[in-house]
file protein05.cif (mmCIF, C-alpha atoms and all ligand atoms)
data_my_file
#
loop_
_atom_site.group_PDB
_atom_site.id
_atom_site.type_symbol
_atom_site.label_atom_id
_atom_site.label_comp_id
_atom_site.auth_asym_id
_atom_site.auth_seq_id
_atom_site.Cartn_x
_atom_site.Cartn_y
_atom_site.Cartn_z
ATOM 1 C CA MET K 1 141.811 95.042 70.945
ATOM 2 C CA LEU K 2 140.898 96.793 74.168
ATOM 3 C CA GLU K 3 138.468 95.079 76.500
ATOM 4 C CA ILE K 4 137.016 97.475 79.031
ATOM 5 C CA GLN K 5 135.413 95.720 81.986
ATOM 6 C CA GLN K 6 133.230 97.533 84.509
ATOM 7 C CA LEU K 7 135.399 100.597 84.424
ATOM 8 C CA THR K 8 134.600 103.187 87.088
ATOM 9 C CA LYS K 9 136.125 106.541 87.975
ATOM 10 C CA ARG K 10 134.892 108.492 90.967
ATOM 11 C CA PHE K 11 135.724 112.089 91.776
ATOM 12 C CA GLY K 12 134.595 112.404 95.399
ATOM 13 C CA GLY K 13 130.910 111.486 95.375
ATOM 14 C CA LEU K 14 130.548 111.740 91.605
ATOM 15 C CA ALA K 15 130.978 108.702 89.361
ATOM 16 C CA ALA K 16 132.178 110.361 86.142
ATOM 17 C CA VAL K 17 132.440 106.883 84.579
ATOM 18 C CA ARG K 18 130.322 104.135 86.092
ATOM 19 C CA GLU K 19 130.702 100.404 85.447
ATOM 20 C CA VAL K 20 131.314 100.810 81.731
ATOM 21 C CA SER K 21 132.078 97.625 79.797
ATOM 22 C CA THR K 22 132.825 97.717 76.089
ATOM 23 C CA THR K 23 135.237 96.569 73.407
ATOM 24 C CA VAL K 24 137.337 98.866 71.282
ATOM 25 C CA GLU K 25 137.356 96.805 68.114
ATOM 26 C CA ALA K 26 140.578 96.244 66.216
ATOM 27 C CA GLY K 27 140.857 97.893 62.812
ATOM 28 C CA LYS K 28 137.609 99.818 63.253
ATOM 29 C CA ILE K 29 136.534 103.387 63.946
ATOM 30 C CA ASN K 30 135.017 103.268 67.425
ATOM 31 C CA ALA K 31 133.197 106.457 68.440
ATOM 32 C CA ILE K 32 132.103 107.681 71.851
ATOM 33 C CA ILE K 33 129.296 110.207 72.032
ATOM 34 C CA GLY K 34 127.141 111.664 74.770
ATOM 35 C CA PRO K 35 125.854 114.976 76.117
ATOM 36 C CA ASN K 36 128.202 117.434 77.865
ATOM 37 C CA GLY K 37 129.530 116.053 81.125
ATOM 38 C CA ALA K 38 128.639 112.456 80.160
ATOM 39 C CA GLY K 39 132.115 111.172 81.024
ATOM 40 C CA LYS K 40 133.671 110.891 77.562
ATOM 41 C CA THR K 41 136.905 112.716 78.359
ATOM 42 C CA THR K 42 137.256 110.882 81.645
ATOM 43 C CA PHE K 43 136.823 107.571 79.813
ATOM 44 C CA PHE K 44 139.584 108.588 77.374
ATOM 45 C CA ASN K 45 141.825 109.651 80.233
ATOM 46 C CA LEU K 46 141.379 106.237 81.810
ATOM 47 C CA ILE K 47 142.241 104.213 78.736
ATOM 48 C CA SER K 48 145.186 106.430 77.770
ATOM 49 C CA GLY K 49 146.686 106.216 81.256
ATOM 50 C CA ALA K 50 146.200 109.900 82.146
ATOM 51 C CA LEU K 51 143.956 108.857 85.055
ATOM 52 C CA ALA K 52 143.923 105.688 87.140
ATOM 53 C CA PRO K 53 140.511 104.008 87.430
ATOM 54 C CA SER K 54 138.741 103.628 90.781
ATOM 55 C CA SER K 55 137.854 100.078 89.729
ATOM 56 C CA GLY K 56 137.513 97.886 86.670
ATOM 57 C CA ARG K 57 139.855 96.378 84.125
ATOM 58 C CA ILE K 58 141.337 97.527 80.826
ATOM 59 C CA VAL K 59 142.620 94.480 78.995
ATOM 60 C CA TYR K 60 144.945 95.269 76.101
ATOM 61 C CA GLU K 61 146.526 92.451 74.123
ATOM 62 C CA GLY K 62 145.608 90.026 76.867
ATOM 63 C CA ARG K 63 147.049 92.020 79.752
ATOM 64 C CA ASP K 64 145.346 94.225 82.356
ATOM 65 C CA VAL K 65 146.811 97.696 81.795
ATOM 66 C CA ALA K 66 144.507 99.641 84.133
ATOM 67 C CA GLY K 67 146.592 102.078 86.152
ATOM 68 C CA LEU K 68 149.583 102.189 83.797
ATOM 69 C CA ARG K 69 150.863 105.702 83.090
ATOM 70 C CA ALA K 70 150.352 107.508 79.782
ATOM 71 C CA ASP K 71 153.991 107.001 78.737
ATOM 72 C CA GLN K 72 153.701 103.283 79.484
ATOM 73 C CA MET K 73 150.520 103.082 77.406
ATOM 74 C CA ALA K 74 152.261 104.983 74.596
ATOM 75 C CA ALA K 75 155.124 102.486 74.699
ATOM 76 C CA LEU K 76 152.579 99.679 74.335
ATOM 77 C CA GLY K 77 151.138 101.339 71.237
ATOM 78 C CA VAL K 78 148.243 103.436 72.546
ATOM 79 C CA ALA K 79 148.609 107.071 71.435
ATOM 80 C CA ARG K 80 146.213 109.943 71.946
ATOM 81 C CA THR K 81 145.499 113.450 70.747
ATOM 82 C CA PHE K 82 144.001 116.263 72.806
ATOM 83 C CA GLN K 83 141.168 118.718 72.143
ATOM 84 C CA THR K 84 143.742 121.457 71.790
ATOM 85 C CA THR K 85 147.232 120.709 70.584
ATOM 86 C CA ALA K 86 150.085 122.340 72.463
ATOM 87 C CA LEU K 87 152.840 123.160 69.978
ATOM 88 C CA PHE K 88 156.011 125.206 70.154
ATOM 89 C CA ASP K 89 154.714 128.074 68.023
ATOM 90 C CA ARG K 90 158.154 129.469 67.266
ATOM 91 C CA ALA K 91 159.534 126.182 65.998
ATOM 92 C CA THR K 92 158.788 124.571 62.647
ATOM 93 C CA VAL K 93 156.123 121.925 62.249
ATOM 94 C CA LEU K 94 158.828 119.331 61.571
ATOM 95 C CA ASP K 95 160.829 120.309 64.667
ATOM 96 C CA ASN K 96 157.671 120.037 66.773
ATOM 97 C CA LEU K 97 157.248 116.492 65.526
ATOM 98 C CA ILE K 98 160.871 115.578 66.098
ATOM 99 C CA VAL K 99 160.725 116.882 69.678
ATOM 100 C CA GLY K 100 157.412 115.097 70.251
ATOM 101 C CA HIS K 101 158.925 111.867 69.035
ATOM 102 C CA ARG K 102 162.229 112.292 70.884
ATOM 103 C CA LEU K 103 160.346 112.586 74.165
ATOM 104 C CA ARG K 104 159.294 108.994 73.597
ATOM 105 C CA THR K 105 162.618 107.512 72.498
ATOM 106 C CA ARG K 106 165.354 105.880 74.442
ATOM 107 C CA SER K 107 168.518 107.924 74.613
ATOM 108 C CA GLY K 108 169.206 109.145 78.125
ATOM 109 C CA LEU K 109 171.096 112.177 79.360
ATOM 110 C CA TRP K 110 174.421 110.373 79.000
ATOM 111 C CA ASP K 111 173.859 109.878 75.284
ATOM 112 C CA VAL K 112 172.971 113.526 74.838
ATOM 113 C CA LEU K 113 176.057 114.720 76.726
ATOM 114 C CA VAL K 114 178.544 112.589 74.839
ATOM 115 C CA ARG K 115 176.556 112.521 71.590
ATOM 116 C CA THR K 116 176.853 108.811 71.164
ATOM 117 C CA ARG K 117 176.381 106.922 67.981
ATOM 118 C CA ARG K 118 173.035 105.719 69.333
ATOM 119 C CA LEU K 119 171.851 109.296 69.736
ATOM 120 C CA HIS K 120 172.893 110.090 66.193
ATOM 121 C CA GLU K 121 171.015 107.061 64.886
ATOM 122 C CA GLU K 122 167.955 108.014 66.904
ATOM 123 C CA GLU K 123 167.956 111.549 65.589
ATOM 124 C CA LYS K 124 167.918 110.244 62.061
ATOM 125 C CA ARG K 125 165.147 107.814 62.919
ATOM 126 C CA CYS K 126 163.043 110.526 64.581
ATOM 127 C CA ARG K 127 163.386 112.799 61.593
ATOM 128 C CA ARG K 128 162.399 109.998 59.229
ATOM 129 C CA LYS K 129 159.373 109.060 61.343
ATOM 130 C CA ALA K 130 158.325 112.700 61.610
ATOM 131 C CA GLU K 131 158.573 113.172 57.842
ATOM 132 C CA GLU K 132 156.593 109.989 57.207
ATOM 133 C CA ALA K 133 153.877 111.073 59.640
ATOM 134 C CA LEU K 134 153.655 114.505 57.994
ATOM 135 C CA GLU K 135 153.306 112.901 54.607
ATOM 136 C CA PHE K 136 150.567 110.570 55.887
ATOM 137 C CA VAL K 137 148.500 113.488 57.183
ATOM 138 C CA GLY K 138 149.057 115.535 54.017
ATOM 139 C CA LEU K 139 151.254 118.212 55.544
ATOM 140 C CA SER K 140 154.650 117.670 53.912
ATOM 141 C CA HIS K 141 154.363 121.094 52.305
ATOM 142 C CA ALA K 142 154.090 122.718 55.769
ATOM 143 C CA ALA K 143 157.101 120.966 57.332
ATOM 144 C CA HIS K 144 159.212 124.111 57.481
ATOM 145 C CA ARG K 145 156.523 126.589 58.441
ATOM 146 C CA MET K 146 156.370 127.968 61.980
ATOM 147 C CA ALA K 147 153.788 126.061 64.001
ATOM 148 C CA GLY K 148 152.337 129.399 65.155
ATOM 149 C CA ASP K 149 151.455 130.288 61.556
ATOM 150 C CA ILE K 150 149.419 127.233 60.564
ATOM 151 C CA SER K 151 145.612 127.029 60.511
ATOM 152 C CA GLN K 152 143.402 125.296 63.058
ATOM 153 C CA GLU K 153 142.776 122.490 60.584
ATOM 154 C CA GLU K 154 146.508 122.054 60.029
ATOM 155 C CA ARG K 155 147.031 121.947 63.813
ATOM 156 C CA LYS K 156 144.554 119.073 63.920
ATOM 157 C CA ARG K 157 146.620 117.262 61.298
ATOM 158 C CA VAL K 158 149.803 117.926 63.258
ATOM 159 C CA ALA K 159 148.094 116.415 66.312
ATOM 160 C CA PHE K 160 147.422 113.258 64.288
ATOM 161 C CA ALA K 161 151.025 113.240 63.051
ATOM 162 C CA LEU K 162 152.334 113.560 66.625
ATOM 163 C CA ALA K 163 150.361 110.471 67.573
ATOM 164 C CA LEU K 164 151.323 108.558 64.411
ATOM 165 C CA ALA K 165 155.052 109.262 64.785
ATOM 166 C CA THR K 166 155.095 107.003 67.854
ATOM 167 C CA GLU K 167 153.981 104.089 65.645
ATOM 168 C CA PRO K 168 150.847 103.264 67.585
ATOM 169 C CA LYS K 169 148.426 100.392 67.126
ATOM 170 C CA VAL K 170 145.535 102.311 68.691
ATOM 171 C CA VAL K 171 144.913 106.043 68.295
ATOM 172 C CA LEU K 172 142.570 107.895 70.633
ATOM 173 C CA LEU K 173 141.350 111.115 69.008
ATOM 174 C CA ASP K 174 139.717 113.702 71.264
ATOM 175 C CA GLU K 175 137.422 115.906 69.166
ATOM 176 C CA PRO K 176 139.489 115.542 66.004
ATOM 177 C CA ALA K 177 137.250 117.977 64.106
ATOM 178 C CA GLY K 178 136.570 120.467 66.902
ATOM 179 C CA GLY K 179 136.766 124.085 65.735
ATOM 180 C CA VAL K 180 137.128 123.467 62.005
ATOM 181 C CA ASN K 181 134.650 124.303 59.222
ATOM 182 C CA PRO K 182 132.393 121.744 57.471
ATOM 183 C CA GLU K 183 134.623 121.412 54.423
ATOM 184 C CA GLU K 184 137.691 120.818 56.582
ATOM 185 C CA THR K 185 135.684 118.344 58.662
ATOM 186 C CA VAL K 186 135.145 116.235 55.541
ATOM 187 C CA GLY K 187 138.903 116.260 54.902
ATOM 188 C CA LEU K 188 139.703 115.211 58.464
ATOM 189 C CA ALA K 189 137.108 112.437 58.287
ATOM 190 C CA ALA K 190 138.833 111.141 55.142
ATOM 191 C CA LEU K 191 142.131 111.150 57.011
ATOM 192 C CA ILE K 192 140.618 109.185 59.906
ATOM 193 C CA ARG K 193 139.317 106.610 57.401
ATOM 194 C CA LYS K 194 142.796 106.432 55.917
ATOM 195 C CA MET K 195 144.180 105.662 59.396
ATOM 196 C CA ARG K 196 141.722 102.817 59.803
ATOM 197 C CA ASP K 197 142.359 101.528 56.287
ATOM 198 C CA SER K 198 146.099 101.445 57.006
ATOM 199 C CA GLY K 199 145.379 98.999 59.845
ATOM 200 C CA LEU K 200 145.096 101.295 62.858
ATOM 201 C CA THR K 201 142.418 100.940 65.493
ATOM 202 C CA VAL K 202 140.731 104.312 65.967
ATOM 203 C CA CYS K 203 138.726 105.444 68.979
ATOM 204 C CA LEU K 204 137.345 108.962 68.973
ATOM 205 C CA ILE K 205 135.202 111.433 70.855
ATOM 206 C CA GLU K 206 133.385 113.901 68.662
ATOM 207 C CA HIS K 207 130.456 116.261 69.013
ATOM 208 C CA LYS K 208 129.800 116.616 65.293
ATOM 209 C CA MET K 209 127.012 114.127 64.928
ATOM 210 C CA ASP K 210 126.780 114.162 61.142
ATOM 211 C CA MET K 211 130.478 113.355 60.927
ATOM 212 C CA ILE K 212 130.180 110.501 63.430
ATOM 213 C CA MET K 213 127.170 108.981 61.716
ATOM 214 C CA ASN K 214 129.068 108.858 58.416
ATOM 215 C CA LEU K 215 132.394 107.773 59.841
ATOM 216 C CA ALA K 216 131.993 105.399 62.780
ATOM 217 C CA ASP K 217 131.853 101.639 62.439
ATOM 218 C CA LYS K 218 130.551 101.447 65.978
ATOM 219 C CA ILE K 219 129.261 103.999 68.489
ATOM 220 C CA MET K 220 129.069 103.872 72.282
ATOM 221 C CA VAL K 221 126.796 106.385 74.004
ATOM 222 C CA LEU K 222 127.533 107.616 77.509
ATOM 223 C CA ASN K 223 125.093 109.524 79.693
ATOM 224 C CA TYR K 224 125.815 110.536 83.301
ATOM 225 C CA GLY K 225 128.847 108.244 83.251
ATOM 226 C CA GLU K 226 126.936 105.149 82.167
ATOM 227 C CA LYS K 227 126.838 103.353 78.870
ATOM 228 C CA ILE K 228 123.268 103.641 77.622
ATOM 229 C CA ALA K 229 123.677 102.240 74.113
ATOM 230 C CA GLU K 230 126.140 100.735 71.698
ATOM 231 C CA GLY K 231 125.828 99.754 68.056
ATOM 232 C CA SER K 232 126.034 100.824 64.441
ATOM 233 C CA PRO K 233 125.186 104.424 63.504
ATOM 234 C CA ALA K 234 121.752 103.305 62.254
ATOM 235 C CA GLU K 235 121.030 101.510 65.538
ATOM 236 C CA ILE K 236 122.139 104.489 67.587
ATOM 237 C CA ARG K 237 120.153 107.001 65.570
ATOM 238 C CA SER K 238 116.918 105.147 66.224
ATOM 239 C CA ASN K 239 117.593 104.100 69.828
ATOM 240 C CA PRO K 240 114.867 105.535 72.122
ATOM 241 C CA GLN K 241 117.213 105.886 75.116
ATOM 242 C CA VAL K 242 119.702 107.848 73.036
ATOM 243 C CA ILE K 243 117.000 110.133 71.680
ATOM 244 C CA GLU K 244 115.787 110.634 75.240
ATOM 245 C CA ALA K 245 119.290 111.494 76.506
ATOM 246 C CA TYR K 246 119.755 114.124 73.820
ATOM 247 C CA LEU K 247 116.223 115.475 73.879
ATOM 248 C CA GLY K 248 114.656 114.934 77.261
ATOM 249 C CA SER K 249 111.189 113.523 76.692
ATOM 250 C CA ASP K 250 110.663 115.142 73.291
ATOM 251 C CA GLY K 251 111.237 112.482 70.661
ATOM 252 C CA ALA K 252 110.363 114.632 67.686
ATOM 253 C CA HIS K 253 113.875 114.981 66.261
ATOM 254 C CA ASP K 254 116.696 112.573 65.782
ATOM 255 C CA VAL K 255 120.110 112.816 67.415
ATOM 256 C CA GLN K 256 121.557 114.584 64.429
ATOM 257 C CA ASP K 257 118.931 117.338 64.376
ATOM 258 C CA THR K 258 119.370 117.896 68.077
ATOM 259 C CA LYS K 259 123.075 118.451 67.886
ATOM 260 C CA GLU K 260 122.804 120.703 64.884
ATOM 261 C CA ALA K 261 120.233 122.809 66.710
ATOM 262 C CA ALA K 262 122.512 122.978 69.746
ATOM 263 C CA ASP K 263 125.478 123.957 67.565
ATOM 264 C CA ALA K 264 123.441 126.633 65.844
ATOM 265 C CA ALA K 265 122.334 128.047 69.198
ATOM 266 C CA ALA K 266 125.902 128.100 70.572
HETATM 267 N N1 LIG K 301 139.232 116.026 87.679
HETATM 268 C C1 LIG K 301 137.939 116.088 87.977
HETATM 269 N N2 LIG K 301 137.528 116.331 89.250
HETATM 270 C C2 LIG K 301 136.221 116.364 89.549
HETATM 271 N N3 LIG K 301 135.225 116.169 88.659
HETATM 272 C C3 LIG K 301 135.559 115.927 87.394
HETATM 273 C C4 LIG K 301 136.934 115.875 86.981
HETATM 274 N N4 LIG K 301 136.958 115.588 85.635
HETATM 275 C C5 LIG K 301 135.681 115.481 85.244
HETATM 276 N N5 LIG K 301 134.837 115.682 86.288
HETATM 277 C C6 LIG K 301 133.376 115.613 86.236
HETATM 278 O O1 LIG K 301 133.039 114.351 85.686
HETATM 279 C C7 LIG K 301 131.905 114.475 84.826
HETATM 280 C C8 LIG K 301 132.272 113.962 83.451
HETATM 281 O O2 LIG K 301 133.159 114.896 82.829
HETATM 282 P P1 LIG K 301 133.865 114.652 81.418
HETATM 283 O O3 LIG K 301 134.744 115.831 81.161
HETATM 284 O O4 LIG K 301 134.481 113.317 81.395
HETATM 285 O O5 LIG K 301 132.608 114.691 80.442
HETATM 286 P P2 LIG K 301 132.559 114.833 78.857
HETATM 287 O O6 LIG K 301 131.523 113.877 78.398
HETATM 288 O O7 LIG K 301 133.906 114.711 78.292
HETATM 289 O O8 LIG K 301 132.026 116.318 78.675
HETATM 290 P P3 LIG K 301 132.271 117.370 77.478
HETATM 291 O O9 LIG K 301 131.522 116.855 76.293
HETATM 292 O O10 LIG K 301 131.646 118.619 78.035
HETATM 293 O O11 LIG K 301 133.751 117.479 77.255
HETATM 294 C C9 LIG K 301 131.489 115.945 84.851
HETATM 295 O O12 LIG K 301 130.449 116.076 85.806
HETATM 296 C C10 LIG K 301 132.744 116.639 85.316
HETATM 297 O O13 LIG K 301 132.424 117.834 86.011
#
call {"tool": "encode", "arguments": {"input": "protein05.cif", "output": "C-alpha cells"}}
result
Amino acid sequence: MLEIQQLTKRFGGLAAVREVSTTVEAGKINAIIGPNGAGKTTFFNLISGALAPSSGRIVYEGRDVAGLRADQMAALGVARTFQTTALFDRATVLDNLIVGHRLRTRSGLWDVLVRTRRLHEEEKRCRRKAEEALEFVGLSHAAHRMAGDISQEERKRVAFALALATEPKVVLLDEPAGGVNPEETVGLAALIRKMRDSGLTVCLIEHKMDMIMNLADKIMVLNYGEKIAEGSPAEIRSNPQVIEAYLGSDGAHDVQDTKEAADAAA
C-alpha cells in the first residue's frame, strides 16, 4: 500500500528518522512503537505530508509521493489523526465534522458568495458523510452535543470520524488511545479493528503495549530513528534487540512489563 524506502529526516545534526524502509500493508493494522524520542511522530509527519523528507521515497499506489503536502496526501486518500484533537468547543460535534469535511471539498469562494447549486449539493454531501462517520464510530447520539462537553474518549472517536469523513484508504492514528482508561481502550481497539475489517489500511503509533500486542497485525520498532525490528506481535515481544531498547541491558522483563512499569511510575 505504502512502500517506504530509506526514508530519512534530519533536523540539523540529528537524524530523527534514519534510512527507514518498510511496507504499510494494505488492509492490515500496522503499528509503530519505540521509546520516547525514537522518531515515531516524525515518521508519521513524513508519510502524512506534514514534513518533507531529507531523502528517501514514499511510494503510494505506484507513485512517489514524498514531499507532497498534507492536503495533497489527504486528497489521495491518506488521512491522519493527531495526539490531541483540536475541535471548536462551542460548536456541535456534527458541525465540527461538517467544517472538517468542508475544508477538504471543492467549492471555492465564488461558490460561497453566490451560493451556487454546487455548493448546495456539497453541503448536503458533507452532512451525509459526517453523519455516516459519526454512526461508524458509535457517536450518533452525541451529534448535537457541544464538542466542549464530550469526554476524552468521545473526542478520540470524533478524531476518527474526522479522518473517516474524507473517505480515506489509509488512516494514520497518532496515539488513538492516549489519555483514556483501560475499559475505553478496549472499546477504541474494537473500533480500530472495525476500520480494518471494513477494508481500511490502518497505521498507528501507540504507547499502550498491551493494546498493541492484541491489536496489531504487524509491528515496526524504531529506536534512535532507526528501524530495529519488524514482525508479528509474538516476534516483537521476544526480539532481543527490542527488549534491549526498552530495558537497557536488563532482559528480565518483556516489553509489555516494561511499559506498564513506566506507565505506573509516570
Ligand atoms: N521539529 C523538530 N526540530 C528538531 N528536532 C526535532 C523536531 N521534531 C522532532 N525532533 C527530534 O527528533 C527526535 C524524534 O522525535 P519524535 O517526536 O519523532 O519521537 P517520538 O518517537 O514520536 O517520541 P514520543 O514517543 O516522545 O512522542 C527527538 O530527538 C526530537 O527531539
call {"tool": "axis_aligned_box", "arguments": {"input": "protein05.cif", "around": "segment 10-27 of chain K", "padding_each_side": "3 Å", "output": "AutoDock Vina command-line options"}}
result
--center_x 135.6 --center_y 104.3 --center_z 79.1 --size_x 16.5 --size_y 22.2 --size_z 38.6
call {"tool": "closest_atom_pairs", "arguments": {"input": "protein05.cif", "of": "chain K", "to": "ligand LIG 301 (chain K)", "cutoff": "9 Å", "atoms": "all atoms listed in the file", "output": "Markdown table"}}
result
| residue | atom | partner | partner_atom | distance |
| --- | --- | --- | --- | --- |
| K:Lys9 | CA | K:LIG301 | O1 | 8.7 |
| K:Arg10 | CA | K:LIG301 | N3 | 8.0 |
| K:Phe11 | CA | K:LIG301 | C2 | 4.8 |
| K:Gly12 | CA | K:LIG301 | C2 | 7.2 |
| K:Leu14 | CA | K:LIG301 | O1 | 6.9 |
| K:Ala15 | CA | K:LIG301 | O1 | 7.0 |
| K:Ala16 | CA | K:LIG301 | O1 | 4.1 |
| K:Val17 | CA | K:LIG301 | C8 | 7.2 |
| K:Ile33 | CA | K:LIG301 | O6 | 7.7 |
| K:Gly34 | CA | K:LIG301 | O6 | 6.1 |
| K:Pro35 | CA | K:LIG301 | O9 | 6.0 |
| K:Asn36 | CA | K:LIG301 | O10 | 3.6 |
| K:Gly37 | CA | K:LIG301 | O5 | 3.4 |
| K:Ala38 | CA | K:LIG301 | O6 | 3.7 |
| K:Gly39 | CA | K:LIG301 | O4 | 3.2 |
| K:Lys40 | CA | K:LIG301 | O6 | 3.8 |
| K:Thr41 | CA | K:LIG301 | O7 | 3.6 |
| K:Thr42 | CA | K:LIG301 | O4 | 3.7 |
| K:Phe43 | CA | K:LIG301 | O4 | 6.4 |
| K:Phe44 | CA | K:LIG301 | O4 | 8.0 |
| K:Asn45 | CA | K:LIG301 | O4 | 8.3 |
| K:Leu51 | CA | K:LIG301 | N1 | 9.0 |
| K:Ile205 | CA | K:LIG301 | O7 | 8.2 |
| K:Glu206 | CA | K:LIG301 | O9 | 8.4 |
| K:His207 | CA | K:LIG301 | O9 | 7.4 |
| K:Leu222 | CA | K:LIG301 | O6 | 7.5 |
| K:Asn223 | CA | K:LIG301 | O6 | 7.9 |
| K:Tyr224 | CA | K:LIG301 | C8 | 7.3 |
| K:Gly225 | CA | K:LIG301 | C8 | 6.7 |
call {"tool": "resolve_selection", "arguments": {"input": "protein05.cif", "expression": "the PyMOL selection byres (((chain K and resi 53) around 7) and not hetatm)", "output": "PDB file with C-alpha atoms, in the frame of the given file"}}
result
ATOM      1  CA  LEU K   7     135.399 100.597  84.424  1.00  0.00           C
ATOM      2  CA  THR K   8     134.600 103.187  87.088  1.00  0.00           C
ATOM      3  CA  LYS K   9     136.125 106.541  87.975  1.00  0.00           C
ATOM      4  CA  LEU K  46     141.379 106.237  81.810  1.00  0.00           C
ATOM      5  CA  LEU K  51     143.956 108.857  85.055  1.00  0.00           C
ATOM      6  CA  ALA K  52     143.923 105.688  87.140  1.00  0.00           C
ATOM      7  CA  SER K  54     138.741 103.628  90.781  1.00  0.00           C
ATOM      8  CA  SER K  55     137.854 100.078  89.729  1.00  0.00           C
ATOM      9  CA  GLY K  56     137.513  97.886  86.670  1.00  0.00           C
ATOM     10  CA  ALA K  66     144.507  99.641  84.133  1.00  0.00           C
ATOM     11  CA  GLY K  67     146.592 102.078  86.152  1.00  0.00           C
TER      12      GLY K  67
END
call {"tool": "closest_residue", "arguments": {"input": "protein05.cif", "among": "K:Asn214, K:Asn96, K:Ser238, K:Ser232", "to": "Glu131 of chain K", "atoms": "all atoms listed in the file"}}
result
K:Asn96
call {"tool": "closest_residue", "arguments": {"input": "protein05.cif", "among": "K:Asn239, K:Gln5, K:Thr85, K:Ser48", "to": "Leu162 of chain K", "atoms": "all atoms listed in the file"}}
result
K:Thr85
call {"tool": "atom_distance", "arguments": {"input": "protein05.cif", "atom1": "atom CA of Ala91 of chain K", "atom2": "atom CA of Asp149 of chain K"}}
result
10.1 Å
